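Here is the file work.txt (compact mmCIF, C-alpha atoms).
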```txt
# COMPACT_ATOMS: atom_id res chain seq x y z
CA MET E 1 0.00 0.00 0.00
CA LYS E 2 2.89 2.33 0.85
CA HIS E 3 4.43 1.88 -2.62
CA TYR E 4 1.09 2.56 -4.29
CA PHE E 5 0.76 5.79 -2.31
CA LEU E 6 4.24 6.93 -3.44
CA VAL E 7 3.32 6.22 -7.07
CA LEU E 8 0.20 8.36 -6.70
CA LEU E 9 2.30 11.19 -5.28
CA CYS E 10 4.62 11.03 -8.31
CA ILE E 11 1.86 11.10 -10.94
CA PRO E 12 1.08 14.86 -10.68
CA MET E 13 4.81 15.66 -11.07
CA LEU E 14 5.07 13.45 -14.15
CA LEU E 15 2.00 15.03 -15.67
CA MET E 16 3.32 18.51 -14.89
CA SER E 17 6.64 17.72 -16.56
CA GLN E 18 4.93 16.31 -19.62
CA THR E 19 2.58 19.29 -19.87
CA THR E 20 5.47 21.75 -19.54
CA ALA E 21 7.46 19.99 -22.25
CA GLU E 22 4.49 19.93 -24.63
CA ARG E 23 3.71 23.59 -23.95
CA ALA E 24 7.35 24.57 -24.47
CA ALA E 25 7.52 22.60 -27.73
CA GLN E 26 4.41 24.44 -28.96
CA LEU E 27 5.97 27.80 -28.06
CA LEU E 28 9.16 26.91 -29.92
CA GLU E 29 7.12 25.80 -32.93
CA SER E 30 5.33 29.17 -32.95
CA LYS E 31 8.69 31.01 -32.54
CA GLN E 32 7.88 32.34 -29.06
CA TYR E 33 11.37 31.52 -27.90
CA SER E 34 11.71 33.80 -24.86
CA GLN E 35 8.40 32.56 -23.43
CA ALA E 36 9.54 28.98 -23.89
CA GLU E 37 12.83 29.81 -22.16
CA THR E 38 11.01 31.31 -19.15
CA ILE E 39 8.80 28.31 -18.46
CA LEU E 40 11.60 25.85 -19.18
CA LYS E 41 14.05 27.53 -16.78
CA ASP E 42 11.49 27.22 -13.99
CA ALA E 43 10.78 23.60 -14.92
CA VAL E 44 14.47 22.65 -15.09
CA ALA E 45 15.10 24.29 -11.71
CA LYS E 46 12.51 21.89 -10.26
CA SER E 47 13.57 18.86 -12.34
CA PRO E 48 17.30 19.33 -13.12
CA ASN E 49 17.71 15.76 -14.39
CA ASP E 50 14.82 15.84 -16.86
CA ARG E 51 16.61 15.39 -20.19
CA GLN E 52 13.63 16.38 -22.32
CA LEU E 53 13.28 19.70 -20.49
CA LEU E 54 17.03 20.31 -20.64
CA GLU E 55 17.11 19.67 -24.38
CA LEU E 56 14.15 21.97 -25.01
CA LEU E 57 15.79 24.68 -22.90
CA GLY E 58 18.96 24.30 -24.95
CA ASP E 59 16.87 24.58 -28.10
CA SER E 60 15.21 27.77 -26.83
CA TYR E 61 18.65 29.30 -26.22
CA GLY E 62 19.82 28.19 -29.66
CA TYR E 63 16.87 29.80 -31.43
CA GLN E 64 17.74 33.06 -29.66
CA LYS E 65 21.45 32.71 -30.51
CA LYS E 66 22.38 32.50 -26.83
CA TRP E 67 25.19 30.14 -27.67
CA ASP E 68 26.95 30.05 -24.28
CA GLU E 69 23.74 29.00 -22.52
CA ALA E 70 22.91 26.49 -25.26
CA ILE E 71 26.40 24.98 -25.06
CA GLU E 72 26.13 24.62 -21.29
CA ASN E 73 22.78 22.82 -21.58
CA TYR E 74 23.85 20.45 -24.35
CA GLU E 75 27.14 19.72 -22.55
CA THR E 76 25.14 18.71 -19.48
CA LEU E 77 23.10 16.36 -21.65
CA VAL E 78 26.24 14.82 -23.18
CA GLU E 79 27.59 14.20 -19.67
CA MET E 80 24.29 12.58 -18.69
CA ASP E 81 24.20 10.33 -21.77
CA ASP E 82 27.37 10.04 -23.80
CA TYR E 83 25.67 7.57 -26.18
CA ASN E 84 22.98 9.94 -27.45
CA ALA E 85 23.93 11.06 -30.97
CA ASN E 86 21.52 13.99 -31.01
CA TYR E 87 23.03 15.49 -27.84
CA HIS E 88 26.50 15.42 -29.40
CA TYR E 89 25.12 16.89 -32.64
CA LYS E 90 23.42 19.79 -30.87
CA TYR E 91 26.44 20.42 -28.66
CA GLY E 92 28.70 20.54 -31.71
CA GLY E 93 26.27 22.77 -33.57
CA ALA E 94 26.05 25.30 -30.73
CA LYS E 95 29.85 25.30 -30.41
CA GLY E 96 30.16 25.85 -34.15
CA MET E 97 27.81 28.83 -34.08
CA LYS E 98 29.78 30.27 -31.16
CA ALA E 99 32.98 29.92 -33.21
CA LEU E 100 31.45 32.13 -35.91
CA GLU E 101 30.93 34.97 -33.42
CA VAL E 102 34.38 35.12 -31.82
CA ASN E 103 37.76 36.16 -33.22
CA LYS E 104 39.77 33.71 -35.30
CA PHE E 105 42.16 32.76 -32.52
CA ARG E 106 39.36 31.83 -30.13
CA ALA E 107 37.53 30.05 -32.93
CA LEU E 108 40.55 27.82 -33.56
CA GLY E 109 40.26 26.51 -30.01
CA ILE E 110 36.57 25.71 -30.48
CA ILE E 111 36.73 23.96 -33.87
CA GLY E 112 38.34 20.84 -32.39
CA ASP E 113 35.38 20.42 -30.02
CA VAL E 114 32.95 20.86 -32.91
CA LYS E 115 34.66 18.18 -34.99
CA ARG E 116 34.80 15.73 -32.09
CA ALA E 117 31.13 16.23 -31.25
CA PHE E 118 29.98 15.78 -34.85
CA LYS E 119 32.23 12.77 -35.38
CA ARG E 120 30.91 11.15 -32.21
CA ALA E 121 27.30 11.76 -33.28
CA ALA E 122 27.97 10.27 -36.73
CA GLU E 123 29.60 7.19 -35.21
CA LEU E 124 26.78 6.69 -32.70
CA ASP E 125 24.04 6.99 -35.30
CA PRO E 126 24.89 5.76 -38.82
CA THR E 127 21.51 7.11 -40.04
CA HIS E 128 21.80 10.65 -38.61
CA ILE E 129 21.28 12.84 -41.69
CA ASP E 130 21.59 16.25 -40.01
CA VAL E 131 25.03 15.62 -38.54
CA ARG E 132 26.33 14.42 -41.91
CA TRP E 133 25.05 17.61 -43.50
CA ALA E 134 26.85 19.56 -40.76
CA MET E 135 30.08 17.68 -41.54
CA VAL E 136 29.75 18.39 -45.26
CA GLU E 137 29.42 22.12 -44.58
CA LEU E 138 32.06 22.23 -41.84
CA TYR E 139 34.82 20.58 -43.87
CA MET E 140 34.05 22.68 -46.96
CA GLN E 141 34.02 25.99 -45.07
CA LEU E 142 37.08 25.44 -42.88
CA PRO E 143 40.43 26.55 -44.33
CA GLY E 144 42.80 23.66 -45.02
CA ILE E 145 45.21 24.86 -42.35
CA VAL E 146 42.66 24.12 -39.60
CA GLY E 147 41.35 20.87 -41.03
CA GLY E 148 39.14 21.86 -43.95
CA SER E 149 38.98 19.05 -46.46
CA TYR E 150 37.15 18.60 -49.77
CA LYS E 151 37.81 14.88 -49.49
CA LYS E 152 36.22 14.58 -46.04
CA SER E 153 33.28 16.71 -47.11
CA MET E 154 32.67 14.42 -50.08
CA LYS E 155 32.98 11.38 -47.79
CA TYR E 156 30.00 12.57 -45.75
CA ALA E 157 28.12 13.52 -48.92
CA ASN E 158 28.53 9.91 -50.07
CA GLU E 159 27.24 8.70 -46.71
CA LEU E 160 24.25 11.00 -47.14
CA GLU E 161 23.61 9.61 -50.60
CA ASN E 162 23.52 6.10 -49.16
CA LEU E 163 20.93 7.23 -46.62
CA SER E 164 18.91 9.54 -48.86
CA LYS E 165 19.51 10.10 -52.59
CA VAL E 166 18.04 13.59 -52.43
CA ASP E 167 20.22 14.71 -49.52
CA GLY E 168 23.28 13.16 -51.15
CA TYR E 169 22.68 14.95 -54.45
CA LEU E 170 21.98 18.27 -52.69
CA ALA E 171 25.14 17.87 -50.60
CA LYS E 172 27.26 17.21 -53.69
CA GLY E 173 25.64 20.14 -55.44
CA TYR E 174 26.57 22.29 -52.45
CA ILE E 175 30.17 21.03 -52.50
CA TYR E 176 30.63 21.72 -56.21
CA GLU E 177 28.94 25.12 -55.90
CA TYR E 178 31.20 26.06 -52.99
CA ASP E 179 34.21 24.78 -54.97
CA ASP E 180 33.21 27.03 -57.89
CA GLU E 181 32.22 24.23 -60.25
CA PRO E 182 28.74 25.44 -61.31
CA LYS E 183 28.21 22.88 -64.08
CA LYS E 184 28.73 19.97 -61.72
CA ALA E 185 26.59 21.69 -59.08
CA GLU E 186 23.83 22.12 -61.66
CA GLU E 187 24.08 18.43 -62.58
CA TYR E 188 23.53 17.32 -58.98
CA TYR E 189 20.79 19.84 -58.20
CA LYS E 190 18.95 18.55 -61.28
CA LYS E 191 19.38 15.00 -60.01
CA ALA E 192 17.89 16.09 -56.68
CA ILE E 193 14.90 17.61 -58.49
CA LYS E 194 14.39 14.43 -60.48
CA VAL E 195 14.50 12.18 -57.41
CA GLY E 196 12.84 14.46 -54.84
CA GLY E 197 11.39 17.51 -56.52
CA SER E 198 10.85 19.46 -53.30
CA MET E 199 10.82 23.24 -53.11
CA THR E 200 14.31 23.09 -51.59
CA CYS E 201 15.64 21.22 -54.63
CA TYR E 202 14.23 23.78 -57.05
CA ASP E 203 15.37 26.71 -54.89
CA LYS E 204 18.96 25.44 -54.80
CA LEU E 205 19.08 25.32 -58.60
CA THR E 206 17.40 28.71 -58.98
CA ASN E 207 19.88 30.30 -56.57
CA LEU E 208 22.76 28.73 -58.47
CA TYR E 209 21.52 30.24 -61.74
CA GLU E 210 21.08 33.67 -60.16
CA LYS E 211 24.53 33.50 -58.56
CA ASN E 212 26.05 32.72 -61.95
CA ASP E 213 24.13 35.40 -63.86
CA GLN E 214 21.83 33.01 -65.72
CA PRO E 215 18.45 34.74 -65.19
CA LEU E 216 16.65 33.03 -68.08
CA LYS E 217 17.50 29.62 -66.66
CA ALA E 218 16.46 30.84 -63.22
CA ILE E 219 13.04 31.97 -64.47
CA ALA E 220 12.52 28.73 -66.41
CA ASN E 221 13.35 26.70 -63.29
CA ILE E 222 11.00 28.77 -61.12
CA GLU E 223 8.21 28.19 -63.64
CA LYS E 224 8.80 24.44 -63.54
CA SER E 225 8.69 24.58 -59.77
CA HIS E 226 5.44 26.56 -59.88
CA LYS E 227 3.78 23.97 -62.11
CA LYS E 228 4.52 21.33 -59.51
CA HIS E 229 4.01 23.20 -56.24
CA GLN E 230 1.61 26.05 -57.10
CA ARG E 231 2.98 28.43 -54.47
CA ASN E 232 2.39 32.16 -54.61
CA ALA E 233 5.95 32.84 -53.45
CA MET E 234 7.18 31.76 -56.89
CA HIS E 235 5.40 34.71 -58.49
CA TYR E 236 7.61 36.99 -56.41
CA GLN E 237 10.73 35.05 -57.37
CA ILE E 238 10.03 35.48 -61.08
CA GLY E 239 9.31 39.18 -60.57
CA LYS E 240 12.52 39.59 -58.60
CA VAL E 241 14.70 38.02 -61.31
CA ALA E 242 12.96 40.05 -64.03
CA ALA E 243 13.49 43.28 -62.08
CA ASP E 244 17.10 42.52 -61.14
CA TYR E 245 18.18 41.61 -64.67
CA ASN E 246 15.90 43.89 -66.72
CA LEU E 247 14.45 41.03 -68.78
CA GLN E 248 11.02 39.54 -69.47
CA LEU E 249 9.56 42.63 -67.76
CA GLU E 250 6.00 41.93 -68.86
CA LYS E 251 6.11 38.47 -67.29
CA GLY E 252 7.75 39.90 -64.15
CA GLU E 253 5.09 42.59 -63.83
CA LYS E 254 2.27 40.09 -64.23
CA CYS E 255 3.77 37.74 -61.64
CA LEU E 256 4.23 40.54 -59.11
CA TYR E 257 0.60 41.62 -59.50
CA LEU E 258 -0.43 38.00 -58.87
CA TYR E 259 1.81 37.86 -55.81
CA ILE E 260 0.27 41.05 -54.40
CA THR E 261 -3.30 39.92 -55.14
CA ASN E 262 -2.85 36.52 -53.50
CA TYR E 263 -0.46 37.61 -50.74
CA THR E 264 -0.67 36.17 -47.23
CA SER E 265 1.88 36.26 -44.42
CA LYS E 266 2.69 32.61 -45.20
CA ASP E 267 4.29 33.68 -48.49
CA GLY E 268 7.40 34.75 -46.62
CA VAL E 269 8.56 37.86 -48.50
CA PRO E 270 6.74 41.01 -47.26
CA VAL E 271 4.44 42.57 -49.85
CA SER E 272 6.48 45.80 -49.68
CA TRP E 273 9.25 44.00 -51.58
CA ALA E 274 6.84 43.21 -54.41
CA TYR E 275 6.02 46.94 -54.60
CA TYR E 276 9.75 47.66 -54.75
CA ARG E 277 10.28 45.14 -57.58
CA LEU E 278 7.42 46.70 -59.56
CA SER E 279 9.06 50.09 -59.12
CA GLN E 280 12.29 48.60 -60.48
CA ILE E 281 10.46 47.26 -63.52
CA PHE E 282 8.83 50.62 -64.29
CA LYS E 283 12.17 52.36 -63.82
CA HIS E 284 13.67 49.99 -66.43
CA ARG E 285 10.86 51.06 -68.77
CA GLY E 286 11.50 54.73 -68.13
CA ASP E 287 8.10 55.28 -66.50
CA LYS E 288 9.05 57.62 -63.66
CA GLN E 289 5.48 58.25 -62.47
CA LYS E 290 4.63 54.58 -61.93
CA ALA E 291 8.10 53.79 -60.57
CA LEU E 292 7.61 56.54 -57.99
CA GLU E 293 4.08 55.38 -57.20
CA TRP E 294 5.21 51.83 -56.38
CA ILE E 295 8.31 52.80 -54.39
CA ASN E 296 6.19 55.16 -52.29
CA LYS E 297 3.85 52.25 -51.56
CA ALA E 298 6.84 50.17 -50.52
CA LEU E 299 8.14 52.91 -48.22
CA ALA E 300 4.70 53.40 -46.69
CA LYS E 301 4.90 49.77 -45.57
CA ASP E 302 8.60 49.53 -44.64
CA LYS E 303 11.20 52.27 -44.50
CA LEU E 304 14.15 50.15 -45.61
CA ASP E 305 17.49 51.38 -46.99
CA PRO E 306 17.16 49.62 -50.40
CA PHE E 307 13.77 51.31 -50.89
CA THR E 308 15.09 54.74 -49.92
CA GLU E 309 18.12 54.38 -52.18
CA HIS E 310 15.94 53.23 -55.09
CA LYS E 311 13.58 56.21 -54.66
CA ALA E 312 16.53 58.59 -54.91
CA LYS E 313 17.45 56.98 -58.25
CA VAL E 314 13.88 57.23 -59.50
CA LEU E 315 13.77 60.94 -58.62
CA GLU E 316 16.93 61.47 -60.70
CA MET E 317 15.21 60.12 -63.84
```
Transcribe the structure of this file into structure tokens.
Amino acid sequence: MKHYFLVLLCIPMLLMSQTTAERAAQLLESKQYSQAETILKDAVAKSPNDRQLLELLGDSYGYQKKWDEAIENYETLVEMDDYNANYHYKYGGAKGMKALEVNKFRALGIIGDVKRAFKRAAELDPTHIDVRWAMVELYMQLPGIVGGSYKKSMKYANELENLSKVDGYLAKGYIYEYDDEPKKAEEYYKKAIKVGGSMTCYDKLTNLYEKNDQPLKAIANIEKSHKKHQRNAMHYQIGKVAADYNLQLEKGEKCLYLYITNYTSKDGVPVSWAYYRLSQIFKHRGDKQKALEWINKALAKDKLDPFTEHKAKVLEM
């Protein structure tokens, strides 16, 4: 009877912990990071050995770029369970982000920890896709003198390809793009589109074309993506490329009007940027009145430097 009574006493605490974790996860999902942090700090103070709460607290710090706090939380988790691949991955990731914010000499001392954490995570979980992506990017971005390696980056890209064709092709596309081999990057991004066909696959190829001053290819790729995914955001993308490169202006104008008409906050790019792109298009056409009309609409929504600078150019027409 005594044991049964103790179990009953524990049930409210278990339910409270579960409820707190679920609530915190919802707050993180809705990007209310500071609120999640507040309730999680209180919960962790009461249950310092609750790994789920500790991990969520670390995540809340990470989303807010509080890297020191995130590192401390993930390090605690690694000490509690050295065989959890995800803890090592998150610890390495937070350390890596910290390295980007400090001077080069301090960063050198951190990189070793990042590598060890990622390597440990990869060894513990042969199917962990995220850590292999992190290794691909880490070894490509590091200078050779501190351990950067094309060969190692490609090794993890091959591992990704064995786990997921799409991720493997995207990783190799990234490597070749970073290594300034756009034709090979294009080849692998196209393979990713053929196998997966997600928005990410199309976006990678579009960005490659834009980066290499191939606007016609970029527009054609966006249109293919639109046929498959039917997302309003693609209307803005076409308008942006048309405005930036002063080509297919009629198509760009039409797409921007469609973007504005169908705009919702889920589309990502604020509608003010569509107004700005329309102003660019009318400036290309030499229509000062309409260019001024659209840039004023953009500035009425958001007073951003690119808008202000563009208006000055329009006024000089």
> How many Å lie between atom CA of Gln64 of chain E and atom CA of Glu37 of chain E, rounded to one decimal?
Replying inline: 9.5 Å
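For the choices E:Tyr89, E:Tyr33, E:Trp294, E:Tyr257, the atom-to-atom distance to Lys66 of chain E is smallest for E:Tyr33 when using all atoms listed in the file.
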>> For a quick check of understanding, using only C-alpha atoms, which of E:Leu208, E:Ala85, E:Leu57, E:Val241 has the smallest distance to Asp125 of chain E?
In response: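 Going through E:Leu208, E:Ala85, E:Leu57, E:Val241 one by one, the smallest distance to Asp125 of chain E is for E:Ala85.
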> Neighbours of Lys115 of chain E within 10 Å (only C-alpha atoms; same-chain residues fewer than 4 positions away dropped), as a VMD selection string?
Replying inline: chain E and resid 89 92 to 93 95 to 96 110 to 111 119 to 121 134 to 135 138 to 139 147
> Which one of E:Glu309, E:Glu253, E:Asp81, E:Asp267 sits closest to Phe282 of chain E if you count all atoms listed in the file?
Replying inline: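 Nearest to Phe282 of chain E: E:Glu253.
Ranking E:Gln141, E:Asn73, E:Thr127, E:Asn262 by their shortest atom-to-atom distance to Leu160 of chain E, with all atoms listed in the file included, puts E:Thr127 first.
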> Taking into account all atoms listed in the file, which residue in the set E:Leu53, E:Ala94, E:Leu100, E:Val314 is nearest to Asp68 of chain E?
Replying inline: E:Ala94
>> Which residues are near segment 187-192 of chain E? Cut-off 8 Å, all atoms listed in the file, ignore same chain within fewer than 3 positions. Put them as a ChimeraX atom specification.
In response: /E:165-167,169-170,172-173,183-184,195-197,201-202,204-205
> For Gln289 of chain E, which residue out of E:Cys255, E:Ile175, E:Leu315, E:Met140 is the nearest one, using all atoms listed in the file?
Replying inline: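 Of E:Cys255, E:Ile175, E:Leu315, E:Met140, the one nearest Gln289 of chain E is E:Leu315, counting all atoms listed in the file.
For Ile129 of chain E, the list of residues within 10 Å, based on all atoms listed in the file and with local chain neighbours fewer than 6 positions off taken out, reads Ala122, Tyr156, Ala157, Glu159, Leu160, Glu161, Leu163, Ser164, Asp167 and Gly168 of chain E.
Atom CA of Ser153 of chain E is positioned 27.5 Å from atom CA of Gly58 of chain E.
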>> Report, in Å to a single decimal, how far apart atom CA of Asn246 of chain E and atom CA of Asn296 of chain E are.
In response: 20.7 Å
> Can you tell me, as a ChimeraX atom specification, what residues are no more than 8 Å from segment 225-229 of chain E when counting all atoms listed in the file, ignoring any on the same chain fewer than 3 positions away?
Replying inline: /E:199,202,221-222,234
Take the point (10.9, 36.4, -54.0) in the file's coordinates, draw a sphere of radius 12 Å around it, and report as an mmCIF file with C-alpha atoms, in the frame of the given file every protein, DNA or RNA residue with an atom inside or on it, counting only C-alpha atoms.
```
data_model
loop_
_atom_site.group_PDB
_atom_site.id
_atom_site.type_symbol
_atom_site.label_atom_id
_atom_site.label_comp_id
_atom_site.auth_asym_id
_atom_site.auth_seq_id
_atom_site.Cartn_x
_atom_site.Cartn_y
_atom_site.Cartn_z
ATOM 1 C CA ASP E 203 15.370 26.710 -54.890
ATOM 2 C CA THR E 206 17.400 28.710 -58.980
ATOM 3 C CA ASN E 207 19.880 30.300 -56.570
ATOM 4 C CA ILE E 219 13.040 31.970 -64.470
ATOM 5 C CA ILE E 222 11.000 28.770 -61.120
ATOM 6 C CA ARG E 231 2.980 28.430 -54.470
ATOM 7 C CA ASN E 232 2.390 32.160 -54.610
ATOM 8 C CA ALA E 233 5.950 32.840 -53.450
ATOM 9 C CA MET E 234 7.180 31.760 -56.890
ATOM 10 C CA HIS E 235 5.400 34.710 -58.490
ATOM 11 C CA TYR E 236 7.610 36.990 -56.410
ATOM 12 C CA GLN E 237 10.730 35.050 -57.370
ATOM 13 C CA ILE E 238 10.030 35.480 -61.080
ATOM 14 C CA GLY E 239 9.310 39.180 -60.570
ATOM 15 C CA LYS E 240 12.520 39.590 -58.600
ATOM 16 C CA VAL E 241 14.700 38.020 -61.310
ATOM 17 C CA ALA E 242 12.960 40.050 -64.030
ATOM 18 C CA ALA E 243 13.490 43.280 -62.080
ATOM 19 C CA ASP E 244 17.100 42.520 -61.140
ATOM 20 C CA GLY E 252 7.750 39.900 -64.150
ATOM 21 C CA CYS E 255 3.770 37.740 -61.640
ATOM 22 C CA LEU E 256 4.230 40.540 -59.110
ATOM 23 C CA TYR E 259 1.810 37.860 -55.810
ATOM 24 C CA ILE E 260 0.270 41.050 -54.400
ATOM 25 C CA TYR E 263 -0.460 37.610 -50.740
ATOM 26 C CA ASP E 267 4.290 33.680 -48.490
ATOM 27 C CA GLY E 268 7.400 34.750 -46.620
ATOM 28 C CA VAL E 269 8.560 37.860 -48.500
ATOM 29 C CA PRO E 270 6.740 41.010 -47.260
ATOM 30 C CA VAL E 271 4.440 42.570 -49.850
ATOM 31 C CA SER E 272 6.480 45.800 -49.680
ATOM 32 C CA TRP E 273 9.250 44.000 -51.580
ATOM 33 C CA ALA E 274 6.840 43.210 -54.410
ATOM 34 C CA TYR E 275 6.020 46.940 -54.600
ATOM 35 C CA TYR E 276 9.750 47.660 -54.750
ATOM 36 C CA ARG E 277 10.280 45.140 -57.580
#
```
